[in-house]
$ cat protein-v1.tsv   # TSV, C-alpha atoms
chain	number	residue	atom	x	y	z
F	1	MET	CA	32.78	9.98	-8.32
F	2	ASP	CA	33.72	13.00	-10.39
F	3	ALA	CA	32.11	16.07	-8.97
F	4	ARG	CA	33.59	18.54	-11.41
F	5	ASP	CA	30.90	20.58	-13.00
F	6	SER	CA	32.61	22.67	-15.61
F	7	GLY	CA	31.13	20.98	-18.65
F	8	VAL	CA	28.90	22.95	-20.92
F	9	ASN	CA	28.38	20.55	-23.79
F	10	ARG	CA	26.05	17.52	-23.65
F	11	ALA	CA	28.88	14.99	-23.63
F	12	GLN	CA	30.24	16.31	-20.38
F	13	LYS	CA	26.89	17.07	-18.89
F	14	GLN	CA	25.65	13.51	-18.32
F	15	PRO	CA	28.10	12.21	-15.68
F	16	SER	CA	28.17	15.38	-13.66
F	17	ASP	CA	24.38	15.44	-13.68
F	18	ALA	CA	24.29	11.94	-12.24
F	19	ASP	CA	26.78	12.92	-9.55
F	20	ARG	CA	24.80	15.95	-8.61
F	21	LEU	CA	21.56	13.95	-8.52
F	22	VAL	CA	23.09	11.45	-6.09
F	23	VAL	CA	24.22	14.24	-3.79
F	24	VAL	CA	20.92	16.12	-3.86
F	25	ILE	CA	18.75	13.04	-3.43
F	26	THR	CA	20.92	11.65	-0.65
F	27	ASP	CA	20.74	15.01	1.12
F	28	ALA	CA	16.96	15.05	0.74
F	29	TRP	CA	16.65	11.56	2.26
F	30	GLU	CA	18.94	12.53	5.14
F	31	GLN	CA	17.07	15.71	5.82
F	32	VAL	CA	13.68	13.99	5.84
F	33	LEU	CA	14.66	10.73	7.57
F	34	GLY	CA	16.85	12.45	10.13
F	35	HIS	CA	19.65	9.94	9.68
F	36	HIS	CA	22.12	8.80	7.05
F	37	ASP	CA	22.02	5.12	7.86
F	38	PHE	CA	21.20	4.03	4.33
F	39	GLY	CA	22.97	3.02	1.17
F	40	LEU	CA	22.26	3.80	-2.45
F	41	ASP	CA	20.54	0.42	-2.91
F	42	ASP	CA	18.26	0.69	0.10
F	43	TRP	CA	14.57	1.21	-0.40
F	44	PHE	CA	13.22	4.40	1.15
F	45	PHE	CA	10.54	2.52	3.06
F	46	ASP	CA	13.10	0.03	4.41
F	47	VAL	CA	15.16	2.70	6.13
F	48	GLY	CA	12.34	4.28	8.08
F	49	GLY	CA	10.57	6.35	5.44
F	50	ASP	CA	6.81	6.62	5.23
F	51	SER	CA	4.53	8.12	2.61
F	52	LEU	CA	4.40	11.57	4.22
F	53	GLN	CA	8.20	11.62	4.28
F	54	LEU	CA	8.28	10.57	0.67
F	55	ILE	CA	6.10	13.56	-0.14
F	56	ARG	CA	8.59	15.74	1.71
F	57	VAL	CA	11.45	14.28	-0.29
F	58	HIS	CA	9.48	15.04	-3.41
F	59	ALA	CA	8.99	18.64	-2.30
F	60	ILE	CA	12.73	19.06	-1.76
F	61	LEU	CA	13.61	17.49	-5.11
F	62	SER	CA	11.07	19.65	-6.90
F	63	ARG	CA	12.72	22.69	-5.40
F	64	GLU	CA	16.34	21.59	-5.85
F	65	LEU	CA	16.00	19.88	-9.22
F	66	PRO	CA	13.08	21.67	-10.85
F	67	SER	CA	14.02	20.91	-14.45
F	68	TRP	CA	14.09	17.15	-13.85
F	69	ASN	CA	10.37	16.91	-13.25
F	70	ILE	CA	10.75	14.17	-10.66
F	71	THR	CA	7.29	12.93	-9.82
F	72	ILE	CA	5.80	11.23	-6.79
F	73	SER	CA	5.21	8.23	-9.02
F	74	ASP	CA	8.95	8.12	-9.75
F	75	LEU	CA	9.81	7.98	-6.08
F	76	TYR	CA	7.45	5.05	-5.53
F	77	THR	CA	8.40	3.24	-8.71
F	78	TYR	CA	12.16	3.55	-8.15
F	79	PRO	CA	12.43	3.07	-4.41
F	80	SER	CA	16.24	3.23	-4.06
F	81	ILE	CA	18.55	6.05	-5.09
F	82	ASN	CA	20.36	3.69	-7.44
F	83	ASP	CA	17.04	2.71	-9.02
F	84	LEU	CA	16.11	6.32	-9.56
F	85	ILE	CA	19.35	7.84	-10.85
F	86	PRO	CA	19.70	5.92	-14.12
F	87	VAL	CA	16.20	6.76	-15.27
F	88	LEU	CA	16.63	10.39	-14.32
F	89	SER	CA	19.95	10.58	-16.09
F	90	LYS	CA	18.06	10.43	-19.35
F	91	GLU	CA	16.39	13.66	-18.30
F	92	PRO	CA	15.83	16.49	-17.83
F	93	GLU	CA	12.76	16.86	-19.91
F	94	ASP	CA	11.57	20.22	-20.85
F	95	GLY	CA	7.97	21.14	-21.16
F	96	SER	CA	5.11	20.07	-19.03
F	97	ALA	CA	5.57	18.19	-15.81
F	98	GLU	CA	3.15	15.36	-15.22
F	99	GLU	CA	2.50	16.59	-11.74
F	100	ALA	CA	3.09	20.29	-12.05
F	101	SER	CA	0.40	20.90	-9.49
F	102	ALA	CA	1.68	18.34	-7.02
F	103	HIS	CA	3.28	19.93	-4.03
F	104	ALA	CA	3.75	19.21	-0.41
F	105	PRO	CA	2.81	21.36	2.52
F	106	ALA	CA	5.48	23.82	3.55
V	107	MET	CA	3.53	7.59	-15.70
V	108	HIS	CA	4.63	5.99	-18.89
V	109	ARG	CA	7.88	7.57	-19.82
V	110	ARG	CA	10.14	4.90	-18.36
V	111	GLU	CA	10.18	1.20	-17.68
V	112	PRO	CA	9.96	0.50	-13.97
V	113	GLN	CA	12.81	-1.59	-12.61
V	114	THR	CA	10.76	-2.82	-9.72
V	115	GLY	CA	7.66	-4.64	-10.80
V	116	GLY	CA	8.75	-5.25	-14.37
V	117	ARG	CA	6.04	-4.46	-16.83
V	118	SER	CA	3.24	-4.83	-14.36
V	119	ILE	CA	0.95	-1.92	-13.71
V	120	TRP	CA	-1.43	-3.25	-11.09
V	121	LEU	CA	0.95	-5.29	-8.96
V	122	TYR	CA	4.26	-4.21	-7.48
V	123	PRO	CA	6.70	-5.63	-4.93
V	124	LEU	CA	6.26	-4.28	-1.40
V	125	ARG	CA	9.78	-5.36	-0.51
V	126	LYS	CA	12.87	-6.70	-2.22
V	127	ALA	CA	12.06	-10.13	-3.56
V	128	ALA	CA	13.47	-13.31	-2.06
V	129	ALA	CA	15.28	-15.75	-4.32
V	130	ARG	CA	12.71	-18.52	-3.93
V	131	PRO	CA	9.31	-17.41	-2.75
V	132	ARG	CA	7.11	-20.21	-1.44
V	133	ALA	CA	3.88	-18.27	-1.12
V	134	ARG	CA	2.44	-14.94	-2.10
V	135	LEU	CA	0.39	-12.30	-0.34
V	136	ILE	CA	-1.50	-9.73	-2.38
V	137	VAL	CA	-2.19	-6.57	-0.41
V	138	PHE	CA	-5.07	-4.24	-1.25
V	139	PRO	CA	-4.90	-0.64	0.03
V	140	TYR	CA	-7.42	0.90	2.38
V	141	ALA	CA	-9.40	3.99	1.35
V	142	ALA	CA	-7.39	7.02	0.25
V	143	ALA	CA	-4.11	5.16	0.76
V	144	GLY	CA	-1.65	2.89	-0.99
V	145	ALA	CA	-0.71	-0.66	-0.06
V	146	THR	CA	2.65	0.63	1.18
V	147	ALA	CA	0.85	1.98	4.25
V	148	LEU	CA	0.36	-1.60	5.47
V	149	ARG	CA	4.07	-2.47	5.34
V	150	PRO	CA	4.45	-2.36	9.14
V	151	VAL	CA	2.55	-5.65	9.53
V	152	LEU	CA	4.05	-7.17	6.39
V	153	THR	CA	7.79	-6.76	6.46
V	154	GLY	CA	8.15	-9.14	9.40
V	155	LEU	CA	6.78	-12.02	7.32
V	156	ALA	CA	9.24	-14.76	6.40
V	157	ASP	CA	11.37	-14.03	3.33
V	158	GLU	CA	9.73	-16.91	1.52
V	159	VAL	CA	6.53	-14.87	1.30
V	160	GLU	CA	6.38	-12.71	-1.78
V	161	LEU	CA	4.61	-9.45	-0.97
V	162	LEU	CA	2.75	-7.76	-3.80
V	163	GLY	CA	0.80	-4.55	-3.43
V	164	VAL	CA	-2.14	-3.70	-5.64
V	165	ALA	CA	-1.41	-0.36	-7.31
V	166	LEU	CA	-4.68	1.45	-7.70
V	167	PRO	CA	-4.63	4.48	-9.98
V	168	GLY	CA	-4.35	7.93	-8.42
V	169	ARG	CA	-1.86	7.10	-5.68
V	170	GLU	CA	1.73	6.13	-5.06
V	171	ARG	CA	3.38	4.89	-8.25
V	172	ARG	CA	0.21	5.66	-10.21
V	173	PHE	CA	-0.24	9.11	-8.78
V	174	SER	CA	-0.98	10.69	-12.15
V	175	ASP	CA	-3.34	8.02	-13.47
V	176	PRO	CA	-7.06	8.77	-13.60
V	177	LEU	CA	-9.01	7.07	-10.82
V	178	ALA	CA	-10.60	3.71	-11.47
V	179	ASN	CA	-14.34	3.68	-11.39
V	180	GLY	CA	-15.10	0.02	-11.72
V	181	LEU	CA	-14.25	-2.83	-9.42
V	182	ASP	CA	-14.50	-5.30	-12.30
V	183	GLU	CA	-11.70	-3.53	-14.13
V	184	ILE	CA	-9.45	-3.79	-11.09
V	185	VAL	CA	-10.24	-7.43	-10.36
V	186	ASP	CA	-9.74	-8.45	-13.98
V	187	ALA	CA	-6.52	-6.49	-14.42
V	188	VAL	CA	-4.94	-7.78	-11.22
V	189	GLY	CA	-5.96	-11.33	-12.12
V	190	THR	CA	-4.48	-11.03	-15.59
V	191	GLU	CA	-1.14	-9.82	-14.26
V	192	LEU	CA	-1.08	-12.45	-11.57
V	193	THR	CA	-1.73	-15.37	-13.89
V	194	ALA	CA	0.84	-14.10	-16.40
V	195	GLY	CA	3.63	-14.79	-13.91
V	196	GLU	CA	4.74	-17.73	-11.80
V	197	LEU	CA	1.89	-19.27	-9.83
V	198	LEU	CA	2.36	-19.63	-6.09
V	199	PRO	CA	0.02	-20.46	-3.22
V	200	THR	CA	-1.67	-17.11	-2.84
V	201	SER	CA	-3.54	-15.25	-0.14
V	202	VAL	CA	-5.08	-11.79	-0.15
V	203	PHE	CA	-5.14	-9.14	2.54
V	204	GLY	CA	-6.95	-5.86	2.98
V	205	HIS	CA	-8.12	-3.44	5.62
V	206	CYS	CA	-11.57	-1.82	5.52
V	207	MET	CA	-12.29	-0.94	1.86
V	208	GLY	CA	-9.29	-3.02	0.86
V	209	ALA	CA	-10.72	-6.04	2.66
V	210	GLY	CA	-13.86	-5.85	0.54
V	211	MET	CA	-11.79	-5.62	-2.59
V	212	ALA	CA	-9.59	-8.52	-1.49
V	213	LEU	CA	-12.65	-10.73	-0.99
V	214	VAL	CA	-14.12	-9.84	-4.35
V	215	PHE	CA	-10.81	-10.77	-5.90
V	216	ALA	CA	-10.79	-14.05	-3.94
V	217	MET	CA	-14.33	-14.86	-5.14
V	218	ALA	CA	-13.38	-14.16	-8.74
V	219	HIS	CA	-10.21	-16.26	-8.52
V	220	ARG	CA	-11.18	-19.18	-6.30
V	221	ASP	CA	-8.66	-21.47	-7.93
V	222	LEU	CA	-5.80	-19.04	-7.29
V	223	VAL	CA	-6.53	-17.71	-3.83
V	224	GLY	CA	-6.46	-20.03	-0.85
V	225	GLY	CA	-6.56	-17.59	2.02
V	226	ALA	CA	-7.96	-14.16	2.82
V	227	ALA	CA	-7.11	-11.83	5.68
V	228	VAL	CA	-9.91	-9.38	6.35
V	229	SER	CA	-9.17	-6.47	8.66
V	230	GLY	CA	-11.43	-3.74	10.04
V	231	ARG	CA	-14.45	-4.81	8.09
V	232	ASN	CA	-17.91	-5.86	9.14
V	233	PRO	CA	-19.27	-9.19	7.91
V	234	PRO	CA	-21.41	-8.99	4.77
V	235	GLY	CA	-24.74	-7.32	5.42
V	236	VAL	CA	-23.37	-4.75	7.85
V	237	PRO	CA	-22.22	-1.52	6.17
V	238	THR	CA	-18.89	-0.23	7.44
V	239	THR	CA	-19.24	3.45	6.62
V	240	SER	CA	-22.13	5.70	5.83
V	241	PRO	CA	-22.45	6.12	2.07
V	242	HIS	CA	-23.29	9.82	2.24
V	243	LEU	CA	-20.47	11.67	3.92
V	244	ASP	CA	-19.84	15.33	3.18
V	245	ASP	CA	-16.33	16.76	2.90
V	246	ALA	CA	-16.14	17.70	6.56
V	247	ASP	CA	-17.25	14.19	7.60
V	248	ILE	CA	-14.57	12.62	5.44
V	249	VAL	CA	-11.87	14.95	6.74
V	250	ASP	CA	-13.04	14.10	10.27
V	251	PHE	CA	-12.79	10.42	9.48
V	252	LEU	CA	-9.35	10.74	7.90
V	253	GLU	CA	-8.18	12.82	10.83
V	254	SER	CA	-9.58	10.76	13.66
V	255	ALA	CA	-9.57	7.26	12.25
V	256	GLY	CA	-8.00	7.33	8.84
V	257	ASN	CA	-4.33	7.28	9.76
V	258	THR	CA	-3.76	10.42	7.69
V	259	ALA	CA	-1.06	12.94	8.53
V	260	PRO	CA	-2.56	16.25	9.76
V	261	GLU	CA	-0.01	18.09	7.60
V	262	LEU	CA	-1.67	16.68	4.51
V	263	LEU	CA	-5.20	17.49	5.60
V	264	ALA	CA	-4.11	21.07	6.33
V	265	ASP	CA	-2.90	21.51	2.76
V	266	ALA	CA	-5.55	22.37	0.17
V	267	PHE	CA	-4.02	20.34	-2.65
V	268	TRP	CA	-3.63	17.19	-0.59
V	269	ARG	CA	-6.92	17.56	1.22
V	270	ASN	CA	-8.77	17.73	-2.09
V	271	ARG	CA	-6.75	14.87	-3.44
V	272	LEU	CA	-7.51	12.70	-0.42
V	273	LEU	CA	-11.20	13.59	-0.54
V	274	GLU	CA	-11.32	12.63	-4.19
V	275	LEU	CA	-9.54	9.34	-3.50
V	276	PHE	CA	-11.71	8.60	-0.49
V	277	ARG	CA	-14.92	9.16	-2.44
V	278	SER	CA	-13.72	7.01	-5.30
V	279	ASP	CA	-12.56	4.27	-2.94
V	280	SER	CA	-15.82	4.38	-1.00
V	281	GLU	CA	-17.68	3.80	-4.23
V	282	LEU	CA	-15.43	0.81	-4.95
V	283	GLY	CA	-16.08	-0.38	-1.41
V	284	GLU	CA	-19.83	-0.18	-1.99
V	285	GLN	CA	-19.47	-2.19	-5.17
V	286	ALA	CA	-17.41	-4.74	-3.24
V	287	SER	CA	-20.05	-5.05	-0.54
V	288	GLN	CA	-22.68	-5.86	-3.13
V	289	VAL	CA	-20.52	-8.55	-4.72
V	290	ILE	CA	-19.66	-10.14	-1.41
V	291	GLU	CA	-23.38	-10.53	-0.64
V	292	THR	CA	-23.82	-12.70	-3.69
V	293	GLY	CA	-22.13	-15.85	-2.53
V	294	PRO	CA	-20.00	-17.71	-0.02
V	295	LEU	CA	-16.24	-17.89	0.09
V	296	ASN	CA	-14.18	-21.06	0.03
V	297	GLN	CA	-10.93	-19.63	1.38
V	298	ASP	CA	-9.45	-19.86	4.86
V	299	LEU	CA	-10.19	-16.57	6.57
V	300	LEU	CA	-8.22	-14.57	9.08
V	301	VAL	CA	-10.49	-11.87	10.51
V	302	LEU	CA	-8.81	-9.01	12.35
V	303	GLY	CA	-10.64	-6.42	14.42
V	304	GLY	CA	-9.96	-3.58	16.84
V	305	ALA	CA	-11.60	-3.89	20.25
V	306	ASP	CA	-12.51	-0.17	20.21
V	307	ASP	CA	-13.18	0.27	16.50
V	308	SER	CA	-16.20	2.56	16.31
V	309	TYR	CA	-16.88	1.51	12.70
V	310	VAL	CA	-16.75	-2.26	13.14
V	311	ASP	CA	-18.41	-4.16	15.98
V	312	PRO	CA	-15.82	-6.65	17.22
V	313	GLY	CA	-18.61	-8.75	18.70
V	314	GLY	CA	-20.08	-9.29	15.25
V	315	LEU	CA	-16.90	-10.59	13.62
V	316	ASP	CA	-17.56	-14.23	14.45
V	317	GLU	CA	-20.25	-14.15	11.78
V	318	TRP	CA	-17.50	-14.25	9.18
V	319	ALA	CA	-17.10	-17.97	9.94
V	320	GLY	CA	-20.49	-18.62	8.38
V	321	ARG	CA	-19.39	-16.95	5.14
V	322	THR	CA	-16.74	-19.46	4.15
V	323	SER	CA	-16.39	-23.17	3.75
V	324	GLY	CA	-12.76	-22.81	4.81
V	325	ARG	CA	-11.38	-22.27	8.29
V	326	CYS	CA	-11.95	-18.99	10.06
V	327	GLU	CA	-9.83	-17.41	12.76
V	328	VAL	CA	-10.99	-14.21	14.44
V	329	LEU	CA	-8.43	-12.04	16.21
V	330	VAL	CA	-9.60	-8.99	18.15
V	331	LEU	CA	-6.77	-6.75	19.27
V	332	PRO	CA	-6.60	-3.57	21.35
V	333	GLY	CA	-7.13	-0.36	19.45
V	334	ASP	CA	-9.49	1.60	17.23
V	335	HIS	CA	-10.02	1.41	13.47
V	336	PHE	CA	-6.27	1.55	12.88
V	337	PHE	CA	-5.39	-1.11	15.46
V	338	ILE	CA	-3.74	-2.78	12.47
V	339	ILE	CA	-0.65	-0.59	12.66
V	340	ASP	CA	-0.52	-0.06	16.43
V	341	ARG	CA	2.97	-1.13	17.34
V	342	PRO	CA	2.11	-3.69	20.07
V	343	ASN	CA	-0.27	-5.47	17.70
V	344	ILE	CA	2.17	-5.76	14.83
V	345	PRO	CA	3.99	-8.97	15.82
V	346	ILE	CA	0.69	-10.70	16.61
V	347	ILE	CA	-0.83	-9.72	13.28
V	348	THR	CA	2.31	-10.61	11.36
V	349	ARG	CA	2.38	-14.07	12.94
V	350	ALA	CA	-1.29	-14.67	12.16
V	351	LEU	CA	-0.76	-13.52	8.56
V	352	GLY	CA	2.23	-15.82	8.27
V	353	ASN	CA	0.15	-18.77	9.43
V	354	LEU	CA	-2.51	-17.99	6.87
V	355	VAL	CA	-0.14	-17.42	3.98
V	356	LEU	CA	2.19	-20.34	4.63
V	357	GLY	CA	-0.64	-22.70	5.45
V	358	ALA	CA	0.46	-23.37	9.01
V	359	PRO	CA	-2.15	-24.59	11.48
V	360	ALA	CA	-4.21	-21.82	13.06
V	361	SER	CA	-2.53	-20.26	16.06
V	362	THR	CA	-3.38	-21.77	19.40
V	363	GLY	CA	-4.23	-18.68	21.40
V	364	GLY	CA	-2.36	-17.40	24.42
V	365	GLU	CA	-0.64	-14.88	22.17
V	366	ARG	CA	1.63	-12.34	23.72
V	367	GLY	CA	-0.24	-9.12	23.92
V	368	GLY	CA	-2.60	-10.28	26.62
V	369	SER	CA	-5.90	-8.95	25.50
V	370	ALA	CA	-5.93	-10.66	22.14
V	371	ARG	CA	-9.02	-12.78	21.82
V	372	VAL	CA	-8.60	-15.76	19.57
V	373	GLY	CA	-11.79	-17.39	18.48
V	374	ARG	CA	-11.48	-20.36	16.20
V	375	LEU	CA	-14.35	-22.18	14.69

$ encode --input "protein-v1.tsv" --output "structure tokens"
Amino acid sequence: MDARDSGVNRAQKQPSDADRLVVVITDAWEQVLGHHDFGLDDWFFDVGGDSLQLIRVHAILSRELPSWNITISDLYTYPSINDLIPVLSKEPEDGSAEEASAHAPA
Amino acid sequence: MHRREPQTGGRSIWLYPLRKAAARPRARLIVFPYAAAGATALRPVLTGLADEVELLGVALPGRERRFSDPLANGLDEIVDAVGTELTAGELLPTSVFGHCMGAGMALVFAMAHRDLVGGAAVSGRNPPGVPTTSPHLDDADIVDFLESAGNTAPELLADAFWRNRLLELFRSDSELGEQASQVIETGPLNQDLLVLGGADDSYVDPGGLDEWAGRTSGRCEVLVLPGDHFFIIDRPNIPIITRALGNLVLGAPASTGGERGGSARVGRL
């Protein structure tokens, strides 16, 4: 995986975005689940996650990746990291987030 | 959300896989959520089922993958939409499962689709004619219920956004539950029933559960397990419930009692 992040134009932006997404999302899962015993194809709920923890992951991703507008619906609909990354790689969107008001408790 | 095509669940909106699908499912279980929750919350008793059981959750608007969708206000809409999606795909021997409000919804679905649904697992719900919750709860009552009996994380109830969200969902779901109760009164069932109850459930009288047997022309097994309204996800009960669900879904003979877990009462009729 190429982690270089020097690109400024769109052509270079896509792969490094995907790399960064994997790192940030994996970190969020680890932080919330308290372990890293999962792979990129595992479903969040199959590696010990519950809905409150999913909300915590969402809170972290909203903070770390604000311009990607990752929603709670996304995290349920694409339950593995590998499911989620490709659809996010078409992002970020600008403008209104579907769940701008959604947030988790601190 | 509509901006992308889901990779799990294909084009379906109302049904989604609760676990990775097996290559050749032999039977299907459709899981309805309980009030203010999503079907995912019932995974603890589901994931131990044999791989040949396809597990589909009913995705009600306003939660989980449909977090941003406006809440449903009609039970008919839900029953029709789920039925349409179900019949559009491969047909398999199908059972339904729900807890509390979800149990009512599951039975209404079973009544509307008698040819499709052969079994129904009804958890934490009084037999028809006995209301499960008071219809006029104020906010504090609902928060009390969610806190004490509703299996809801205190962190969420302490947060204004989530508390309001859960109250809104609970009210909407309670209305759907009321609608379900009325429908269930209108006629008998023909499915095999598995009735699950908590011995100390303050909302459902475990002694009254045997009456379910008179509501169906199919078989009826009643299992009362230790615990309160959320006995269904108490860890010691999980293997017992999973086994009973497996018997229902895969059409095995009713269990013969003497289950591990000691205080389980098995009443077969």

$ residues_around --input "protein-v1.tsv" --residues "Ala165 in chain V" --least-positions-apart "4" --cutoff "8 Å" --atoms "only C-alpha atoms" --output "PyMOL selection string"
chain V and resi 119-122+144-145+169-172

$ atom_distance --input "protein-v1.tsv" --atom1 "CA of Ser254 in chain V" --atom2 "CA of Asp334 in chain V"
9.8 Å

$ closest_residue --input "protein-v1.tsv" --among "F:Asp19, F:Asp74, F:Asp27, F:Asp37" --to "chain V" --atoms "all atoms listed in the file"
F:Asp74

$ atom_distance --input "protein-v1.tsv" --atom1 "CA of Leu198 in chain V" --atom2 "CA of Leu152 in chain V"
17.7 Å

$ residues_near_point --input "protein-v1.tsv" --point "(-27.2, -6.5, 1.2)" --cutoff "9 Å" --atoms "only C-alpha atoms" --output "PyMOL selection string"
chain V and resi 234-237+287-288+290-292

$ atom_distance --input "protein-v1.tsv" --atom1 "CA of Leu162 in chain V" --atom2 "CA of Arg125 in chain V"
8.1 Å

$ closest_residue --input "protein-v1.tsv" --among "V:Asn232, V:Asn270, V:Ala264, V:Ser323" --to "Tyr309 in chain V" --atoms "only C-alpha atoms"
V:Asn232

$ closest_residue --input "protein-v1.tsv" --among "V:Gly189, V:Pro131, V:Gly304, V:Gly154" --to "chain F" --atoms "all atoms listed in the file"
V:Gly154

$ closest_residue --input "protein-v1.tsv" --among "V:Arg349, V:Arg231, V:His205, V:Arg321" --to "Leu299 in chain V" --atoms "only C-alpha atoms"
V:Arg321

$ residues_around --input "protein-v1.tsv" --residues "range 41-49 of chain F" --least-positions-apart "6" --cutoff "6 Å" --atoms "all atoms listed in the file" --output "MDAnalysis selection string"
chainID F and resid 79:80 82
